Amino acid sequence: MAQRDDVKSYDIRTYGCQMNVHDSERLAGLLEQAGYVRSPAGEEADVVVFNTCAVRENADNRLYGNLGHLASVKARKPGMQIAVGGCLAQKDRGEVQRRAPWVDVVFGTHNIGSLPVLLERARVQEEAQLEIKESLEAFPSTLPTRRESAYAAWVSISVGCNNKCTFCIVPALRGTERDRRPGEILREIEALVAEGVVEITLLGQNVNSYGAEFGDRAAFSKLLRACGGIDGLERVRFTSPHPRDFTDDVIEAMAETPNVMPSLHMPLQSGSDAVLRAMRRSYRRERYLGIIERVREAIPHAAITTDIIVGFPGETDADFEQTLEVVHEARFASAFTFQYSKRPGTPAAEMADQVPKEVVRERYDRLTPLQEEISWAENRALIGTEVELLVAEGEGRKDGATHRLSGRARDNRLVHFSVADTAAADLPRPGDAVTVVLTQAAPHHLIADGASGGSAIRTLRRLRSGDAWQARQDAPAEQAKPTVTLGMPSIGIPAPLPAAPSCG
């Protein structure tokens, strides 16, 4: 269906963490509620929104380079608007408009709900708008949300952070921790399940400190257990925890709640107590390894992943060797490894003993092959085991050529599985569940191929989440888009999407 001339299109470009990804879903929901439509791929949008990150040293260079490219596009497209939001906008404030005066709107992390009003004000007044708030106006989950997935969803349980890690600028830009009440979170999850979602990820800068604002230190473990009582919710994940606040009641809740998945992302950052102290991480190596040990005692098949920073200021060769020792001992399923880069505005950026870049690179080049070797060995140990996968959309770039689909195991490992010789009507849909036997391993994924080159699928469960995905595909062109819903419903639960034909 052709787009009406009076309907404006939008494009949101997201950088950074899961928080930013979820914020972009809210920005999309706000714009669509205001009458905008998503710009088709390859077309120039009427409104381009940059949802920025300030974590990396070169974040501003990336932003201003992209803004410079759009200046010429805007010059030949009358009425086009550009907006910049997120952490870098919160940090730089008026600097964005000084360096890129063609930007129409600058807004911060605390007032993303203002975007449609600011765009309209900039258009009517023909003047750029800058609005940066110092504290949160309303919890973001009250905003309309354009969910990208029919079967999986982010659910924010808190925003902001009370920690003061010397390498991190998040508390300065996101504010101190604000917690949602458990009832609000559970109502949102119930509403999502009613729409067809079967997997949710509880999201916070530090999920383990959830409840601090209303004085319940066991709030997070109680929340995990409460998720276990939601009928139709098959998978619960969470990110990110902090070792300082990770307690045994959370481990018990993970082990005893069947729909809480056996996967844990536990940031290490460094294996050196001296570096952890300089990072102001408030835990030490032995405490960290103790957590890993207790998790594996309670959940033997848990896949544990981590974050590691190489080359933090003052890190010595001996400090780095201690990180390698922890990696050897912990045997992470995978690790996100980073070469330290200055975050402007953080204490670490001003520290003496900045490690030379060539030294940081040399250490990084020693760490990554070690972790790759461990990841590959851990994956090889799974060959021959049967796993259940939630079929995913868009996770296997070579699936078309290899006659495979992709899915995530309960431990969150990525698996590509053969569907060769499977009739189109019998193919699983994104959101359906299949069981397969693993036949090959690589450091970052596993493969399941069937005997004699055929299908690897042993069982197929048609789920309501697959029905929800199918309903999106079957909708008329003008309706074929993710539902825009309130993130925190307060009146009733939305009616379920109509089910597509399914079999047991």
# chains A, B, ... in the order shown; residues from 1 in each chain; ligands from 1
>>> residues_around(residues="A:Gly396", least_positions_apart="4", cutoff="8 Å", atoms="only C-alpha atoms", output="ChimeraX atom specification")
/A:405-406,416
>>> write_last_selection(atoms="all heavy atoms", output="mmCIF file, in the first residue's frame")
data_model
loop_
_atom_site.group_PDB
_atom_site.id
_atom_site.type_symbol
_atom_site.label_atom_id
_atom_site.label_comp_id
_atom_site.auth_asym_id
_atom_site.auth_seq_id
_atom_site.Cartn_x
_atom_site.Cartn_y
_atom_site.Cartn_z
ATOM 1 N N LEU A 405 17.963 -23.317 9.889
ATOM 2 C CA LEU A 405 17.379 -22.237 10.669
ATOM 3 C C LEU A 405 18.224 -22.105 11.934
ATOM 4 O O LEU A 405 19.113 -22.921 12.180
ATOM 5 C CB LEU A 405 15.919 -22.537 11.017
ATOM 6 C CG LEU A 405 14.946 -22.667 9.841
ATOM 7 C CD1 LEU A 405 13.547 -22.999 10.347
ATOM 8 C CD2 LEU A 405 14.917 -21.391 9.003
ATOM 9 N N SER A 406 17.925 -21.074 12.729
ATOM 10 C CA SER A 406 18.704 -20.833 13.941
ATOM 11 C C SER A 406 17.793 -20.688 15.139
ATOM 12 O O SER A 406 16.625 -20.300 15.014
ATOM 13 C CB SER A 406 19.554 -19.567 13.790
ATOM 14 O OG SER A 406 20.491 -19.712 12.749
ATOM 15 N N HIS A 416 22.591 -23.483 14.943
ATOM 16 C CA HIS A 416 22.065 -23.529 13.582
ATOM 17 C C HIS A 416 21.675 -24.984 13.300
ATOM 18 O O HIS A 416 22.512 -25.885 13.444
ATOM 19 C CB HIS A 416 23.117 -23.061 12.579
ATOM 20 C CG HIS A 416 23.692 -21.712 12.891
ATOM 21 N ND1 HIS A 416 22.944 -20.562 12.915
ATOM 22 C CD2 HIS A 416 24.963 -21.328 13.216
ATOM 23 C CE1 HIS A 416 23.721 -19.531 13.223
ATOM 24 N NE2 HIS A 416 24.945 -19.971 13.411
#
>>> residues_around(residues="stretch 374-385 of chain A", least_positions_apart="4", cutoff="9 Å", atoms="only C-alpha atoms", output="ChimeraX atom specification")
/A:327-328,331-335,369-370,413,436-448
>>> residues_around(residues="A:Val419", least_positions_apart="2", cutoff="12 Å", atoms="only C-alpha atoms", output="ChimeraX atom specification")
/A:391,399-406,416-417,421-429,434,436,447-451,453-458,460
>>> select_by_dssp(residues="stretch 184-432 of chain A", states="helix (DSSP H, G or I)", output="ChimeraX atom specification")
/A:184-195,207-209,219-227,243-245,248-256,273-279,285-298,317-330,347-350,357-380,399-402,424-426
>>> closest_residue(among="A:Ala71, A:Val355, A:Val117, A:Leu186", to="A:Gly311", atoms="only C-alpha atoms")
A:Val355
>>> closest_residue(among="A:Ala298, A:Ala89, A:Leu390, A:Val359", to="A:Asp317", atoms="only C-alpha atoms")
A:Val359
>>> residues_around(residues="stretch 270-275 of chain A", least_positions_apart="3", cutoff="10 Å", atoms="only C-alpha atoms", output="VMD selection string")
chain A and resid 267 278 to 286 288 to 289 307 to 316 318 to 327
>>> atom_distance(atom1="atom CA of A:Lys164", atom2="atom CA of A:His242")
12.3 Å
>>> residues_around(residues="A:Ala392", least_positions_apart="6", cutoff="7 Å", atoms="only C-alpha atoms", output="list in words")
Ser406, Gly407, Arg408, Pro430 and Gly431 of chain A
>>> residues_around(residues="A:Ala255", least_positions_apart="3", cutoff="10 Å", atoms="only C-alpha atoms", output="PyMOL selection string")
chain A and resi 249-252+258-262+295-300+302
>>> select_by_dssp(residues="stretch 252-438 of chain A", states="strand (DSSP E)", output="count of residues only")
39
>>> atom_distance(atom1="atom CA of A:Gly85", atom2="atom CA of A:Pro144")
17.2 Å
>>> closest_residue(among="A:Trp102, A:Val159, A:Ser418, A:Cys53", to="A:His69", atoms="only C-alpha atoms")
A:Trp102
>>> atom_distance(atom1="atom CA of A:Phe336", atom2="atom CA of A:Leu276")
17.3 Å
>>> decode(residues="stretch 148-162 of chain A", atoms="N, CA, C and O atoms", output="short mmCIF file (atom, residue, chain, number, x, y, z; two decimals), in the first residue's frame")
data_model
loop_
_atom_site.label_atom_id
_atom_site.label_comp_id
_atom_site.auth_asym_id
_atom_site.auth_seq_id
_atom_site.Cartn_x
_atom_site.Cartn_y
_atom_site.Cartn_z
N GLU A 148 10.04 -5.16 18.86
CA GLU A 148 10.64 -5.66 17.63
C GLU A 148 10.37 -7.15 17.42
O GLU A 148 10.36 -7.62 16.29
N SER A 149 10.18 -7.90 18.50
CA SER A 149 10.01 -9.34 18.39
C SER A 149 8.61 -9.73 18.82
O SER A 149 8.05 -9.16 19.76
N ALA A 150 8.04 -10.73 18.14
CA ALA A 150 6.73 -11.26 18.52
C ALA A 150 6.84 -12.25 19.65
O ALA A 150 5.84 -12.55 20.32
N TYR A 151 8.03 -12.80 19.88
CA TYR A 151 8.15 -13.92 20.81
C TYR A 151 9.06 -13.64 22.01
O TYR A 151 9.04 -14.38 22.99
N ALA A 152 9.86 -12.58 21.98
CA ALA A 152 10.77 -12.25 23.08
C ALA A 152 10.70 -10.76 23.34
O ALA A 152 10.52 -9.96 22.42
N ALA A 153 10.86 -10.38 24.62
CA ALA A 153 10.72 -8.96 24.97
C ALA A 153 11.63 -8.60 26.13
O ALA A 153 11.90 -9.41 27.01
N TRP A 154 12.11 -7.34 26.10
CA TRP A 154 12.79 -6.75 27.24
C TRP A 154 11.75 -6.25 28.23
O TRP A 154 10.72 -5.71 27.83
N VAL A 155 12.04 -6.37 29.52
CA VAL A 155 11.17 -5.80 30.55
C VAL A 155 12.08 -5.09 31.56
O VAL A 155 12.85 -5.75 32.27
N SER A 156 12.01 -3.79 31.63
CA SER A 156 12.84 -3.03 32.57
C SER A 156 12.31 -3.18 33.98
O SER A 156 11.12 -3.00 34.23
N ILE A 157 13.20 -3.52 34.91
CA ILE A 157 12.82 -3.57 36.32
C ILE A 157 13.38 -2.38 37.09
O ILE A 157 12.90 -2.07 38.17
N SER A 158 14.39 -1.73 36.54
CA SER A 158 14.97 -0.56 37.18
C SER A 158 15.70 0.26 36.13
O SER A 158 16.01 -0.23 35.04
N VAL A 159 15.96 1.51 36.45
CA VAL A 159 16.81 2.36 35.62
C VAL A 159 17.82 3.04 36.54
O VAL A 159 17.58 3.22 37.73
N GLY A 160 18.95 3.40 35.98
CA GLY A 160 19.98 4.07 36.77
C GLY A 160 20.83 3.08 37.56
O GLY A 160 20.61 1.87 37.54
N CYS A 161 21.83 3.60 38.25
CA CYS A 161 22.79 2.76 38.95
C CYS A 161 23.37 3.52 40.14
O CYS A 161 23.68 4.71 40.02
N ASN A 162 23.52 2.81 41.28
CA ASN A 162 24.09 3.42 42.47
C ASN A 162 25.58 3.14 42.64
O ASN A 162 26.19 3.59 43.61
#
